[in-house]
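Okay, structure first, notes after.
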Protein chains: 2
Amino acid sequence: MPPVNFETHPGRYRHLRLEAESDRARLILKVEEGGGLRPDYQLKLNSYDLGVDIEIADAVNRLRFEHPGVSVVTLTSALDDVFCAGANIFMLAGSDHAFKVNFCKYTNETRLAMEEASALSGQRYLAALNGICSGGGYELALACDEIVLVDDRRSAVSLPEIPFLGVLPGTGGLTRLVDKRKVRRDLADIFVTLAEGVRGEKAVSWGLVDALIARSRFRETIEQRASAMVSPDRERVARRGVILDALSPTISDDQIRYRHLRLGLDHKRRLAELHVAGPQAVEPIRDSAVALGADWYPLRLFREIDDALLRLRFNYPEIGLVTVYSEGDLERVCEIDRQLHAHGEDYFVNEVNLLIRRVLKRMDLTAKSFFAVIDESSCFGGFLAELVLAADRSYMKSAAGAAIAFGPNNGGRFPMSNGLSRLATRFLAQPDHAAKVVAQAGRYSTDEALAAGLVTVTPDELDWDDEIRLAIDERLSLSPDALTGMEASLRFAGPETMETKIFGRLSCWQNWIFQRPNAIGPRGALKLYGRPESPQFDWHRT
Amino acid sequence: MPPVNFETHPGRYRHLRLEAESDRARLILKVEEGGGLRPDYQLKLNSYDLGVDIEIADAVNRLRFEHPGVSVVTLTSALDDVFCAGANIFMLAGSDHAFKVNFCKYTNETRLAMEEASALSGQRYLAALNGICSGGGYELALACDEIVLVDDRRSAVSLPEIPFLGVLPGTGGLTRLVDKRKVRRDLADIFVTLAEGVRGEKAVSWGLVDALIARSRFRETIEQRASAMVSPDRERVARRGVILDALSPTISDDQIRYRHLRLGLDHKRRLAELHVAGPQAVEPIRDSAVALGADWYPLRLFREIDDALLRLRFNYPEIGLVTVYSEGDLERVCEIDRQLHAHGEDYFVNEVNLLIRRVLKRMDLTAKSFFAVIDESSCFGGFLAELVLAADRSYMKSAAGAAIAFGPNNGGRFPMSNGLSRLATRFLAQPDHAAKVVAQAGRYSTDEALAAGLVTVTPDELDWDDEIRLAIDERLSLSPDALTGMEASLRFAGPETMETKIFGRLSCWQNWIFQRPNAIGPRGALKLYGRPESPQFDWHRT
């Protein structure tokens with residue numbers, strides 16, 4: 001498969017139509033059968049692959065920035081009697097383990113972005129199921145606020161992965177059933193082992209869907225329900241959007257270059273270096289923050305970081321460690337950080353803050369090690385200091401002039417999936433200390449940062465290069481599997497949420513199943529799907 | 001390996017010495033090198049296998065029942081300069097996947113039982129680390145309330161699994177580091193990638209141990225610290241213990257027969273039937289509950305269920321489904337349930353309640369499907385009704401006389417690992433309804449139970465046999481791996497705790513790693529441990 005490109009645009013969508021007008025939008029699935037990322041499968045029945053999900057993720061993000069007046073998004077299909085048949089099975093069966101795992105992680109992040117848009121941007125989702133809705137199709141519906149199913153004595157919702165494929169619904173389905181929709185566990189047990197799914201009144205009474213609509217009144221009732229979901233805030237409709245222009249990085253064998261970011265790639269060492277360039281200037285916010293536009297430094301930078309993380313995950317699987325550098329004027333970064341804080345209620349600044357939050361979560365969930373490296377030229381302040389806190393370790397040079405800064409945004413503006421700020425997670429044993437760092441809002445020299453527990457190791461100038469090189473080499477010598485499991489355990493101290501549960505429990509079991517012979521062996525259920533042979537299982541329970 | 005026997009007794013211990021006197025006890029590890037369950041490894045340096053852990057579990061349990069006056073347990077070693085080197089690597093390297101997973105689950109349950117004894121039975125644990133304490137040895141210490149390390153410029157605590165073996169510390173280590181001891185995640189990251197571990201003042205300042213003691217004053221200082229941990233409740237010492245006699249079940253090819261329990265084994269169908277016989281009589285509680293002794297019905301029955309569950313896990317891996325039946329006088333069961341409730345503050349009744357709680361958690365965590373089957377002869381009431389709620393589904397015959405009963409114990413006397421009662425977990429969407437079932441405390445006919453959402457399916461008499469058979473056959477046709485992952489997801493709706501995190505996040509990652517070629521392939525790190533060759537990794541990060 002050629003390298004995946006995560007940038008797209010509604011004008012280039014092949015599988016999706018985005019219609020937005022005034023306070024309402026519609027996302028209409030019409031997947032192009034021959035438009036898959038690989039030629040070995042056909043995307044029949046609105047089934048999806050990564051390419052389709054990239055369009056959904058793009059649409060969900062653009063709706064927030066480009067159509068901020070929209071408060072209801074109806075998600076439906078342009079195919080007759082088919083909403084969505086879920087992730088394409090032949091695509092899954094033909095993918096290697098790492099791709100399957102990364103694919104599921106990405107689709108999970110997209111579903112969570114829909115739920116975040118609902119909770120924090122006031123863009124609610126209505127799933128209008130006009131027909132077949134199975135597997136990942138139903139999981140997509142589960143990420144919506146309301147699910148409405150056509151009542152035609154035929155259309156059902158179903159999660160047939162277990163009976164058909166011997167794998168789990170991999171995009172949050174099991175967790176959302178019992179945790180979000182709070183379906184009774186024994187009914188959920190029946191539902192997910194029933195290949196044909198559940199329809200009609202039973203689907204409503206079990207809590208699988210919110211309502212049924214007769215086919216003859218489907219369109220009009222969906223319109224009515226969408227109207228009822230529209231925000232009562234009439235000023236919202238007048239909001240101006242910001243068009244997200246293309247990032248169009250320059251890609252060569254050893255680096256990817258963006259406007260504010262450079263990702264260096266040392267394939268031989270399996271090392272990547274993420275270099276953040278600080279802001280050249282700070283634009284004042286006058287009448288309206290939205291005038292800052294897509295060029296506003298924090299927006300542009302975190303869109304670039306997001307793109308770089310996704311490329312690292314999918315296109316550079318051999319990279320094991322990412323070192324994170326920054327270079328620039330710390331005071332300017334802190335000034336932008338104060339803008340992000342002071343104007344946090346502004347709808348555009350709010351969207352930028354939420355984007356930063358999503359990108360940092362994406363970093364927490366990336367199966368690579370991260371080491372932050374801080375020296376005299378670094379500018380890790382406020383929102384950029386979160387990159388240091390998100391890293392597995394931080395190395396700060398014991399040199400005059402090296403500094404790192406924290407502020408009120410570090411107190412919870414960018415919570416992790418566990419619901420806590422990175423400072424609160426870091427200082428689980430000393431919540432007062434985390435609060436103090438936030439309240440004091442200032443700069444820390446290397447000695448001060450070490451004493452306050454804000455960085456990990458502070459080599460002096462003489463040892464600096466050697467110590468960093470040694471730490472990198474040591475990290476890169478360890479089992480990549482053990483590191484993935486270790487980081488997934490150490491990064492998420494403290495509470496678990498539905499979100500961490502999806503990644504930490506459900507996805508992890510799916511990862512396990514995805515490499516078992518009962519799924520992917522020559523006689524495994526996933527491998528044999530669509531063929532006349534029956535799978536042969538090793539019946540031992542583990 | 002011959003079938004594992006989980007019954008043992010201090011008089012038969014090969015690896016452990018249990019000394020209890022007045023308010024204090026000592027558990028002294030001295031593992032017999034040649035005493036492993038299999039002949040292909042030597043248990044050097046107090047390393048352990050399942051046989052050692054069975055003795056630890058037995059001791060922890062007997063301390064609670066047989067020595068209820070004890071309030072401090074010092075855990076130490078009889079070897080010079082060695083506390084415990086953790087799970088034996090050669091044992092792990094030579095075990096199949098299912099055994100490794102079940103072994104880790106069991107050791108985790110034992111560690112959690114120590115923490116439960118501390119929190120709810122007032123028996124606190126002091127780990128006296130007299131020397132090498134690595135891997136599972138340190139995880140054993142992490143399960144204690146206090147960890148004290150000898151200060152001899154040599155002895156360190158370490159979790160060398162990642163650098164040495166390419167697997168995770170599998171017995172809660174990573175989770176307890178950051179969640180229980182709240183060690184900073186970046187320090188934890190360094191610690192668990194450092195083969196030699198951390199010693200001296202650094203171990204204290206990082207929070208890995210609570211104190212250091214010079215070797216010359218080790219014994220005396222441990223005694224002092226243990227004294228300081230003794231309960232101030234002086235009446236506690238006078239408590240009478242109850243000796244736990246052997247269960248000694250009769251085992252044949254197609255069944256295991258206990259006093260109150262029969263486990264039928266249909267190997268061909270991969271089906272087990274758990275038949276609970278109700279109590280023959282109800283002993284009144286007069287002066288003291290402890291007089292009821294080890295023969296008291298709920299204690300004996302749940303010890304038997306525990307034994308049966310462990311045998312099912314280890315000795316019958318091909319069994320996929322366990323049907324749960326009961327037969328007896330429902331009113332008598334309810335009467336005992338009222339005793340368990342009314343005398344819940346009595347130390348002996350408290351221990352029985354806690355045992356029931358642990359056994360039910362063991363059921364929640366068993367990788368087999370459970371279907372409860374209820375008919376006219378059933379006696380699922382109160383504590384026995386928890387077996388129905390713990391099952392993945394319940395089938396109740398639509399017949400006059402069939403009944404199930406609930407009472408105050410179902411409101412939280414036996415919480416799941418997630419901290420909620422099974423009723424609260426079941427009715428996550430309707431917490432009031434769960435509270436109502438508890439408050440009303442009564443019997444439900446089949447129709448009433450169905451209407452109240454307490455059972456899953458209620459076939460009528462004509463369809464009963466067919467429907468049960470069909471449900472069983474359908475369940476047994478599904479991928480055992482998918483079912484394991486599905487049940488681990490659906491059974492634990494609601495909050496996650498450190499306990500569920502150990503099983504749901506950490507262990508699940510370990511399960512994943514345990515089947516990766518980087519660990520167990522011919523060039524994997526676990527496979528090559530102790531040999532001159534270096535492991536060869538597939539560096540792709542997943």
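Labeling convention for the structure tokens: chains A, B, ... as they appear, residues from 1 per chain, ligands from 1 in order of appearance.
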
For segment 141-143 of chain A, work out the shell of residues within 8 Å, counting only C-alpha atoms and skipping chain neighbours fewer than 5 positions away, then give it as a PyMOL selection string. chain A and resi 111-112+114-115+127+173+176-177

Just the selected residues (N, CA, C and O atoms), exported as a PDB file, in the first residue's frame, please.
ATOM      1  N   ARG A 111     -14.740   8.556  15.989  1.00  0.00           N
ATOM      2  CA  ARG A 111     -16.034   8.462  16.683  1.00  0.00           C
ATOM      3  C   ARG A 111     -16.015   9.334  17.952  1.00  0.00           C
ATOM      4  O   ARG A 111     -16.991   9.995  18.279  1.00  0.00           O
ATOM      5  N   LEU A 112     -14.884   9.303  18.655  1.00  0.00           N
ATOM      6  CA  LEU A 112     -14.785  10.124  19.871  1.00  0.00           C
ATOM      7  C   LEU A 112     -14.801  11.610  19.534  1.00  0.00           C
ATOM      8  O   LEU A 112     -15.317  12.421  20.314  1.00  0.00           O
ATOM      9  N   MET A 114     -16.592  12.905  17.199  1.00  0.00           N
ATOM     10  CA  MET A 114     -18.011  13.237  17.038  1.00  0.00           C
ATOM     11  C   MET A 114     -18.639  13.492  18.402  1.00  0.00           C
ATOM     12  O   MET A 114     -19.407  14.442  18.596  1.00  0.00           O
ATOM     13  N   GLU A 115     -18.319  12.647  19.361  1.00  0.00           N
ATOM     14  CA  GLU A 115     -18.905  12.809  20.695  1.00  0.00           C
ATOM     15  C   GLU A 115     -18.387  14.069  21.376  1.00  0.00           C
ATOM     16  O   GLU A 115     -19.112  14.737  22.113  1.00  0.00           O
ATOM     17  N   ALA A 127     -28.196   9.926  13.894  1.00  0.00           N
ATOM     18  CA  ALA A 127     -27.983   8.831  12.941  1.00  0.00           C
ATOM     19  C   ALA A 127     -29.330   8.423  12.367  1.00  0.00           C
ATOM     20  O   ALA A 127     -30.199   7.965  13.108  1.00  0.00           O
ATOM     21  N   GLY A 173     -17.937  -0.523  19.970  1.00  0.00           N
ATOM     22  CA  GLY A 173     -19.313  -1.008  20.052  1.00  0.00           C
ATOM     23  C   GLY A 173     -19.672  -1.629  21.393  1.00  0.00           C
ATOM     24  O   GLY A 173     -20.659  -1.243  22.026  1.00  0.00           O
ATOM     25  N   ARG A 176     -19.655   1.082  24.175  1.00  0.00           N
ATOM     26  CA  ARG A 176     -20.759   2.056  24.091  1.00  0.00           C
ATOM     27  C   ARG A 176     -22.101   1.410  24.383  1.00  0.00           C
ATOM     28  O   ARG A 176     -22.989   2.044  24.940  1.00  0.00           O
ATOM     29  N   LEU A 177     -22.267   0.128  24.015  1.00  0.00           N
ATOM     30  CA  LEU A 177     -23.533  -0.551  24.322  1.00  0.00           C
ATOM     31  C   LEU A 177     -23.821  -0.501  25.813  1.00  0.00           C
ATOM     32  O   LEU A 177     -24.884  -0.047  26.234  1.00  0.00           O
TER      33      LEU A 177
END

Skipping near chain neighbours, those fewer than 4 positions away, what residues fall within 10 Å of Val352 of chain B using only C-alpha atoms, listed as a PyMOL selection string? chain B and resi 64-65+294+296+298-300+302-303+340+344+346-348+356-358

Can I get the selected residues back with all heavy atoms, as a compact mmCIF listing (two decimals), in the first residue's frame?
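To be explicit, this is the file written out as part-v5.txt:
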# COMPACT_ATOMS: atom_id res chain seq x y z
N ARG B 64 -6.92 -15.36 57.60
CA ARG B 64 -8.17 -14.64 57.86
C ARG B 64 -9.14 -15.49 58.67
O ARG B 64 -9.79 -14.99 59.58
CB ARG B 64 -8.79 -14.21 56.55
CG ARG B 64 -7.84 -13.32 55.78
CD ARG B 64 -8.28 -13.06 54.37
NE ARG B 64 -9.38 -12.09 54.34
CZ ARG B 64 -9.73 -11.43 53.25
NH1 ARG B 64 -9.09 -11.63 52.11
NH2 ARG B 64 -10.72 -10.58 53.28
N PHE B 65 -9.23 -16.78 58.34
CA PHE B 65 -10.20 -17.63 59.03
C PHE B 65 -9.62 -18.26 60.29
O PHE B 65 -10.29 -18.35 61.31
CB PHE B 65 -10.69 -18.74 58.10
CG PHE B 65 -11.75 -18.26 57.15
CD1 PHE B 65 -11.44 -17.95 55.84
CD2 PHE B 65 -13.06 -18.10 57.58
CE1 PHE B 65 -12.41 -17.49 54.96
CE2 PHE B 65 -14.05 -17.65 56.71
CZ PHE B 65 -13.72 -17.34 55.41
N ALA B 294 -16.48 -24.29 60.04
CA ALA B 294 -16.19 -24.49 58.62
C ALA B 294 -17.31 -25.24 57.91
O ALA B 294 -17.36 -25.25 56.68
CB ALA B 294 -14.87 -25.23 58.45
N TRP B 296 -20.38 -24.42 58.11
CA TRP B 296 -21.49 -23.50 57.82
C TRP B 296 -21.71 -23.47 56.30
O TRP B 296 -20.77 -23.27 55.53
CB TRP B 296 -21.20 -22.10 58.37
CG TRP B 296 -22.41 -21.20 58.39
CD1 TRP B 296 -23.72 -21.60 58.52
CD2 TRP B 296 -22.44 -19.79 58.28
NE1 TRP B 296 -24.56 -20.52 58.51
CE2 TRP B 296 -23.80 -19.38 58.36
CE3 TRP B 296 -21.46 -18.80 58.15
CZ2 TRP B 296 -24.20 -18.04 58.30
CZ3 TRP B 296 -21.85 -17.47 58.09
CH2 TRP B 296 -23.21 -17.09 58.16
N PRO B 298 -22.83 -21.51 53.76
CA PRO B 298 -22.30 -20.58 52.74
C PRO B 298 -20.78 -20.63 52.64
O PRO B 298 -20.23 -20.47 51.55
CB PRO B 298 -22.79 -19.20 53.21
CG PRO B 298 -23.17 -19.36 54.63
CD PRO B 298 -23.57 -20.79 54.83
N LEU B 299 -20.11 -20.87 53.75
CA LEU B 299 -18.64 -20.94 53.72
C LEU B 299 -18.19 -22.16 52.94
O LEU B 299 -17.38 -22.07 52.02
CB LEU B 299 -18.10 -20.97 55.16
CG LEU B 299 -16.60 -21.24 55.33
CD1 LEU B 299 -15.76 -20.27 54.52
CD2 LEU B 299 -16.21 -21.19 56.81
N ARG B 300 -18.74 -23.28 53.33
CA ARG B 300 -18.37 -24.52 52.65
C ARG B 300 -18.70 -24.45 51.15
O ARG B 300 -17.89 -24.78 50.30
CB ARG B 300 -19.11 -25.68 53.31
CG ARG B 300 -18.89 -27.04 52.68
CD ARG B 300 -17.61 -27.68 53.15
NE ARG B 300 -17.29 -28.84 52.32
CZ ARG B 300 -16.34 -29.71 52.61
NH1 ARG B 300 -15.60 -29.57 53.69
NH2 ARG B 300 -16.10 -30.73 51.82
N PHE B 302 -19.13 -21.90 49.09
CA PHE B 302 -18.33 -21.00 48.25
C PHE B 302 -16.86 -21.41 48.18
O PHE B 302 -16.18 -21.13 47.19
CB PHE B 302 -18.54 -19.52 48.65
CG PHE B 302 -19.74 -18.95 47.94
CD1 PHE B 302 -21.01 -19.17 48.42
CD2 PHE B 302 -19.60 -18.27 46.73
CE1 PHE B 302 -22.13 -18.69 47.73
CE2 PHE B 302 -20.70 -17.79 46.03
CZ PHE B 302 -21.97 -18.00 46.54
N ARG B 303 -16.36 -22.10 49.21
CA ARG B 303 -15.02 -22.69 49.06
C ARG B 303 -15.06 -23.74 47.95
O ARG B 303 -14.12 -23.86 47.16
CB ARG B 303 -14.57 -23.34 50.37
CG ARG B 303 -14.20 -22.33 51.47
CD ARG B 303 -13.78 -23.05 52.75
NE ARG B 303 -12.56 -23.82 52.55
CZ ARG B 303 -12.29 -24.97 53.19
NH1 ARG B 303 -13.15 -25.48 54.07
NH2 ARG B 303 -11.16 -25.61 52.94
N LEU B 340 -26.39 -13.67 56.97
CA LEU B 340 -25.18 -13.02 56.43
C LEU B 340 -25.32 -11.50 56.50
O LEU B 340 -24.33 -10.79 56.68
CB LEU B 340 -24.96 -13.44 54.96
CG LEU B 340 -24.53 -14.88 54.72
CD1 LEU B 340 -24.60 -15.23 53.22
CD2 LEU B 340 -23.11 -15.13 55.24
N GLY B 344 -23.44 -9.16 59.67
CA GLY B 344 -22.34 -8.73 58.81
C GLY B 344 -21.18 -8.09 59.57
O GLY B 344 -20.04 -8.07 59.08
N ASP B 346 -20.10 -9.15 62.50
CA ASP B 346 -19.36 -10.20 63.21
C ASP B 346 -18.13 -10.58 62.38
O ASP B 346 -18.21 -10.74 61.17
CB ASP B 346 -20.28 -11.40 63.38
CG ASP B 346 -19.56 -12.57 64.02
OD1 ASP B 346 -18.85 -13.31 63.28
OD2 ASP B 346 -19.69 -12.74 65.25
N TYR B 347 -16.98 -10.73 63.05
CA TYR B 347 -15.74 -10.93 62.28
C TYR B 347 -15.78 -12.20 61.45
O TYR B 347 -15.28 -12.24 60.33
CB TYR B 347 -14.51 -10.89 63.19
CG TYR B 347 -14.35 -12.08 64.10
CD1 TYR B 347 -13.63 -13.20 63.70
CD2 TYR B 347 -14.91 -12.09 65.38
CE1 TYR B 347 -13.49 -14.30 64.54
CE2 TYR B 347 -14.77 -13.18 66.22
CZ TYR B 347 -14.06 -14.28 65.79
OH TYR B 347 -13.92 -15.36 66.61
N PHE B 348 -16.39 -13.27 61.96
CA PHE B 348 -16.43 -14.51 61.20
C PHE B 348 -17.40 -14.39 60.02
O PHE B 348 -17.08 -14.77 58.88
CB PHE B 348 -16.82 -15.68 62.12
CG PHE B 348 -17.08 -16.96 61.38
CD1 PHE B 348 -16.06 -17.64 60.72
CD2 PHE B 348 -18.38 -17.50 61.33
CE1 PHE B 348 -16.31 -18.82 60.03
CE2 PHE B 348 -18.63 -18.68 60.65
CZ PHE B 348 -17.60 -19.35 60.00
N ILE B 356 -17.25 -15.03 49.88
CA ILE B 356 -18.26 -15.09 48.82
C ILE B 356 -17.97 -14.02 47.77
O ILE B 356 -18.03 -14.27 46.56
CB ILE B 356 -19.68 -14.90 49.42
CG1 ILE B 356 -20.03 -16.06 50.35
CG2 ILE B 356 -20.73 -14.75 48.32
CD1 ILE B 356 -21.34 -15.89 51.11
N ARG B 357 -17.64 -12.85 48.25
CA ARG B 357 -17.31 -11.74 47.35
C ARG B 357 -16.13 -12.06 46.43
O ARG B 357 -16.17 -11.83 45.23
CB ARG B 357 -17.02 -10.53 48.24
CG ARG B 357 -16.35 -9.36 47.63
CD ARG B 357 -16.11 -8.34 48.75
NE ARG B 357 -15.09 -7.40 48.39
CZ ARG B 357 -15.18 -6.08 48.58
NH1 ARG B 357 -16.24 -5.57 49.15
NH2 ARG B 357 -14.21 -5.28 48.23
N ARG B 358 -15.09 -12.67 47.02
CA ARG B 358 -13.92 -13.02 46.20
C ARG B 358 -14.25 -14.10 45.17
O ARG B 358 -13.78 -14.05 44.04
CB ARG B 358 -12.76 -13.51 47.09
CG ARG B 358 -12.12 -12.44 47.92
CD ARG B 358 -10.78 -12.89 48.50
NE ARG B 358 -10.83 -14.04 49.39
CZ ARG B 358 -11.23 -14.00 50.65
NH1 ARG B 358 -11.65 -12.88 51.20
NH2 ARG B 358 -11.21 -15.10 51.39

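Using only C-alpha atoms for every distance, the candidate list A:Thr250, A:Thr323, A:Gln440, A:Asn102 yields A:Asn102 as the residue closest to chain B.
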
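The neighbours of Leu423 of chain A here are the residues that come within 9 Å of it, using only C-alpha atoms and leaving out any residue fewer than 4 positions away in the same chain; they are A:Glu386, A:Leu389, A:Asn410, A:Gly411, A:Gly412, A:Phe427, A:Leu428, A:Pro431, A:His433, A:Ala434, A:Ala435, A:Val437, A:Val438, A:Leu454.
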
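Across A:Glu318, A:Asp337, A:Glu474, A:Glu467, the tightest approach to Ala98 of chain A is made by A:Glu318 when counting only C-alpha atoms.
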
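Note that DSSP on the backbone gives strand (DSSP E) to these residues of segment 50-85 of chain A: Val72, Val73, Thr74, Leu75, Thr76, Ser77, Val82, Phe83 and Cys84 of chain A.
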
Residues of the last selection are to be written out with N, CA, C and O atoms, as an mmCIF file, in the first residue's frame.
data_model
loop_
_atom_site.group_PDB
_atom_site.id
_atom_site.type_symbol
_atom_site.label_atom_id
_atom_site.label_comp_id
_atom_site.auth_asym_id
_atom_site.auth_seq_id
_atom_site.Cartn_x
_atom_site.Cartn_y
_atom_site.Cartn_z
ATOM 1 N N VAL A 72 -26.808 20.741 14.414
ATOM 2 C CA VAL A 72 -27.268 19.350 14.226
ATOM 3 C C VAL A 72 -26.690 18.802 12.936
ATOM 4 O O VAL A 72 -26.776 19.450 11.888
ATOM 5 N N VAL A 73 -26.115 17.614 13.042
ATOM 6 C CA VAL A 73 -25.594 16.942 11.852
ATOM 7 C C VAL A 73 -26.355 15.631 11.691
ATOM 8 O O VAL A 73 -26.334 14.788 12.589
ATOM 9 N N THR A 74 -27.047 15.494 10.581
ATOM 10 C CA THR A 74 -27.736 14.237 10.305
ATOM 11 C C THR A 74 -26.799 13.354 9.488
ATOM 12 O O THR A 74 -26.276 13.772 8.461
ATOM 13 N N LEU A 75 -26.593 12.154 10.002
ATOM 14 C CA LEU A 75 -25.694 11.216 9.335
ATOM 15 C C LEU A 75 -26.559 10.152 8.691
ATOM 16 O O LEU A 75 -27.303 9.443 9.375
ATOM 17 N N THR A 76 -26.508 10.059 7.369
ATOM 18 C CA THR A 76 -27.348 9.071 6.704
ATOM 19 C C THR A 76 -26.650 8.557 5.451
ATOM 20 O O THR A 76 -25.444 8.767 5.291
ATOM 21 N N SER A 77 -27.386 7.839 4.642
ATOM 22 C CA SER A 77 -26.791 7.164 3.496
ATOM 23 C C SER A 77 -27.565 7.496 2.243
ATOM 24 O O SER A 77 -28.764 7.748 2.285
ATOM 25 N N VAL A 82 -29.771 0.692 2.673
ATOM 26 C CA VAL A 82 -28.482 0.394 3.286
ATOM 27 C C VAL A 82 -27.969 1.660 3.975
ATOM 28 O O VAL A 82 -27.818 2.699 3.327
ATOM 29 N N PHE A 83 -27.727 1.560 5.280
ATOM 30 C CA PHE A 83 -27.050 2.674 5.935
ATOM 31 C C PHE A 83 -25.537 2.458 5.804
ATOM 32 O O PHE A 83 -24.858 3.166 5.075
ATOM 33 N N CYS A 84 -25.032 1.408 6.448
ATOM 34 C CA CYS A 84 -23.592 1.149 6.377
ATOM 35 C C CYS A 84 -23.329 -0.260 6.900
ATOM 36 O O CYS A 84 -23.828 -0.642 7.953
#
